[in-house]
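Asks: Please read through the structure below; I'll follow up with questions.
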Amino acid sequence: RTSGGHLNPAVSFGVWLSGYMRLVKMVAYWIAQLVGGMVGAALALATSDNMFDHQYGSHSLSPTLRQTADNVTLVTQHGTKLGQGLVIEIICTSLLVTVVITTAVDPHGTHTLAPLCIGFSVTAGILISGPLT
């Protein structure tokens, strides 16, 4: 049996939480996912010039201080407050995890439509959260 495309640790966690994966297997997936991410980042860094001159592929949830007349607030580069950005990312990730579990993992799911549904949920997450976070 194949892994089912667990590229995201949140998906692996959701599958484990829903009872479709053992804890040992989830931890092994997490290790592989994190190592794979680090190797991919190292390869991208090694093969590109001036990678850090642009914001391509980077999250802008790194907070900056914005001072108003009343207080100082942590905000993202797009003006979204840090807490708001985290909630937006949590909602979009929850949507993805729910779609993966209900279409690809659940034995009663519509497995033939799983790739399309997962692709749409990723696209929706990018379109919703991208401009805000």
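In the structure tokens, each chain is lettered A, B, ... as it comes, each chain's residues begin at 1, and ligands are numbered from 1 in order of appearance.
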Skipping near chain neighbours, those fewer than 3 positions away, what residues fall within 8 Å of A:Gly14 using only C-alpha atoms, listed as an mmCIF file with N, CA, C and O atoms, in the first residue's frame?
Replies:
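The result, written out as selection-v2.cif:
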```cif
data_model
loop_
_atom_site.group_PDB
_atom_site.id
_atom_site.type_symbol
_atom_site.label_atom_id
_atom_site.label_comp_id
_atom_site.auth_asym_id
_atom_site.auth_seq_id
_atom_site.Cartn_x
_atom_site.Cartn_y
_atom_site.Cartn_z
ATOM 1 N N ALA A 10 0.504 18.183 8.762
ATOM 2 C CA ALA A 10 -0.849 18.369 9.283
ATOM 3 C C ALA A 10 -1.789 17.290 8.764
ATOM 4 O O ALA A 10 -2.677 16.824 9.484
ATOM 5 N N VAL A 11 -1.601 16.875 7.519
ATOM 6 C CA VAL A 11 -2.419 15.794 6.959
ATOM 7 C C VAL A 11 -2.129 14.490 7.693
ATOM 8 O O VAL A 11 -3.050 13.759 8.075
ATOM 9 N N LEU A 17 -5.150 11.259 13.912
ATOM 10 C CA LEU A 17 -6.191 11.656 14.857
ATOM 11 C C LEU A 17 -7.525 11.003 14.525
ATOM 12 O O LEU A 17 -8.297 10.663 15.426
ATOM 13 N N SER A 18 -7.781 10.778 13.237
ATOM 14 C CA SER A 18 -9.040 10.144 12.838
ATOM 15 C C SER A 18 -8.985 8.624 12.951
ATOM 16 O O SER A 18 -9.975 7.951 12.683
ATOM 17 N N VAL A 97 -7.058 19.061 5.317
ATOM 18 C CA VAL A 97 -7.032 17.792 6.060
ATOM 19 C C VAL A 97 -8.390 17.092 5.976
ATOM 20 O O VAL A 97 -8.460 15.877 5.753
ATOM 21 N N THR A 98 -9.466 17.846 6.113
ATOM 22 C CA THR A 98 -10.806 17.261 6.026
ATOM 23 C C THR A 98 -11.059 16.649 4.654
ATOM 24 O O THR A 98 -11.589 15.541 4.545
ATOM 25 N N ILE A 101 -8.970 13.390 4.251
ATOM 26 C CA ILE A 101 -9.514 12.270 5.020
ATOM 27 C C ILE A 101 -10.816 11.763 4.413
ATOM 28 O O ILE A 101 -11.009 10.557 4.253
#
```
Asks: Please provide the set of residues having any atom within 12 Å of A:Ala32, restricted to only C-alpha atoms, with same-chain residues fewer than 4 positions apart removed, written as a list of chain:residue names.
Replies: A:Ser3, A:His6, A:Leu7, A:Asn8, A:Pro9, A:Ser12, A:Lys25, A:Met26, A:Val27, A:Ala28, A:Gly36, A:Gly37, A:Met38, A:Val39, A:Gly40
Asks: Report the distance between atom CA of A:Thr103 and atom CA of A:Pro115 in Å, rounded to one decimal place.
Replies: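 Atom CA of A:Thr103 sits 8.5 Å away from atom CA of A:Pro115.
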Asks: Might you pull out every residue within 7 Å of A:Leu132, with only C-alpha atoms counted and same-chain residues fewer than 2 positions away left off, and present them as a ChimeraX atom specification?
Replies: /A:78,80,85,129-130
Asks: Limited to all heavy atoms, could you put the picked residues into a file as an mmCIF file, in the first residue's frame?
Replies:
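As written to disk, part_14.cif reads:
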```
data_model
loop_
_atom_site.group_PDB
_atom_site.id
_atom_site.type_symbol
_atom_site.label_atom_id
_atom_site.label_comp_id
_atom_site.auth_asym_id
_atom_site.auth_seq_id
_atom_site.Cartn_x
_atom_site.Cartn_y
_atom_site.Cartn_z
ATOM 1 N N HIS A 78 1.200 42.234 4.850
ATOM 2 C CA HIS A 78 -0.008 42.629 4.142
ATOM 3 C C HIS A 78 -1.013 43.319 5.047
ATOM 4 O O HIS A 78 -2.142 43.557 4.637
ATOM 5 C CB HIS A 78 -0.655 41.400 3.490
ATOM 6 C CG HIS A 78 0.264 40.708 2.539
ATOM 7 N ND1 HIS A 78 0.611 41.235 1.323
ATOM 8 C CD2 HIS A 78 0.939 39.540 2.643
ATOM 9 C CE1 HIS A 78 1.439 40.420 0.708
ATOM 10 N NE2 HIS A 78 1.659 39.386 1.494
ATOM 11 N N THR A 80 -2.297 42.096 7.867
ATOM 12 C CA THR A 80 -3.075 41.161 8.680
ATOM 13 C C THR A 80 -2.376 40.998 10.023
ATOM 14 O O THR A 80 -1.171 40.813 10.074
ATOM 15 C CB THR A 80 -3.162 39.791 7.985
ATOM 16 O OG1 THR A 80 -3.667 39.974 6.669
ATOM 17 C CG2 THR A 80 -4.059 38.851 8.746
ATOM 18 N N GLY A 85 -3.788 36.040 10.934
ATOM 19 C CA GLY A 85 -3.092 35.224 9.945
ATOM 20 C C GLY A 85 -3.014 33.765 10.362
ATOM 21 O O GLY A 85 -3.201 32.864 9.539
ATOM 22 N N SER A 129 -5.842 32.413 1.499
ATOM 23 C CA SER A 129 -4.835 32.845 2.473
ATOM 24 C C SER A 129 -3.672 33.611 1.845
ATOM 25 O O SER A 129 -3.045 34.422 2.527
ATOM 26 C CB SER A 129 -4.291 31.640 3.239
ATOM 27 O OG SER A 129 -3.560 30.800 2.388
ATOM 28 N N GLY A 130 -3.399 33.355 0.584
ATOM 29 C CA GLY A 130 -2.255 33.999 -0.059
ATOM 30 C C GLY A 130 -2.226 35.520 0.052
ATOM 31 O O GLY A 130 -1.245 36.105 0.505
#
```
Asks: For the atom pair atom CA of A:Thr133 and atom CA of A:Leu113, what is the interatomic distance in Å to one decimal place?
Replies: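 Interatomic distance here is 29.1 Å.
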Asks: For A:Pro131, which residue out of A:Ile31, A:Val15, A:Ile88, A:Val24 is the nearest one, using only C-alpha atoms?
Replies: A:Ile88
Asks: With only C-alpha atoms as the basis for distance, which of A:Val35, A:Val87, A:Ala41, A:Cys92 is at the shortest distance from A:Leu127?
Replies: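 Of A:Val35, A:Val87, A:Ala41, A:Cys92, the one nearest A:Leu127, counting only C-alpha atoms, is A:Cys92.
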Asks: Which distance in Å separates atom CA of A:Val122 and atom CA of A:Leu96, to one decimal?
Replies: 6.5 Å
Asks: Quick one: residues within 12 Å of A:Thr110, only C-alpha atoms, excluding same-chain residues fewer than 6 positions away - as a list in words?
Replies: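 My reading of the contact set: Val99, Val100, Ile101, Thr102, Thr103, Ala104, Leu116, Cys117 and Ile118 of chain A.
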Asks: Run DSSP on the backbone and grab whatever in stretch 71-120 of chain A lands in strand (DSSP E or B); send it over as a PyMOL selection string.
Replies: chain A and resi 72-75+81
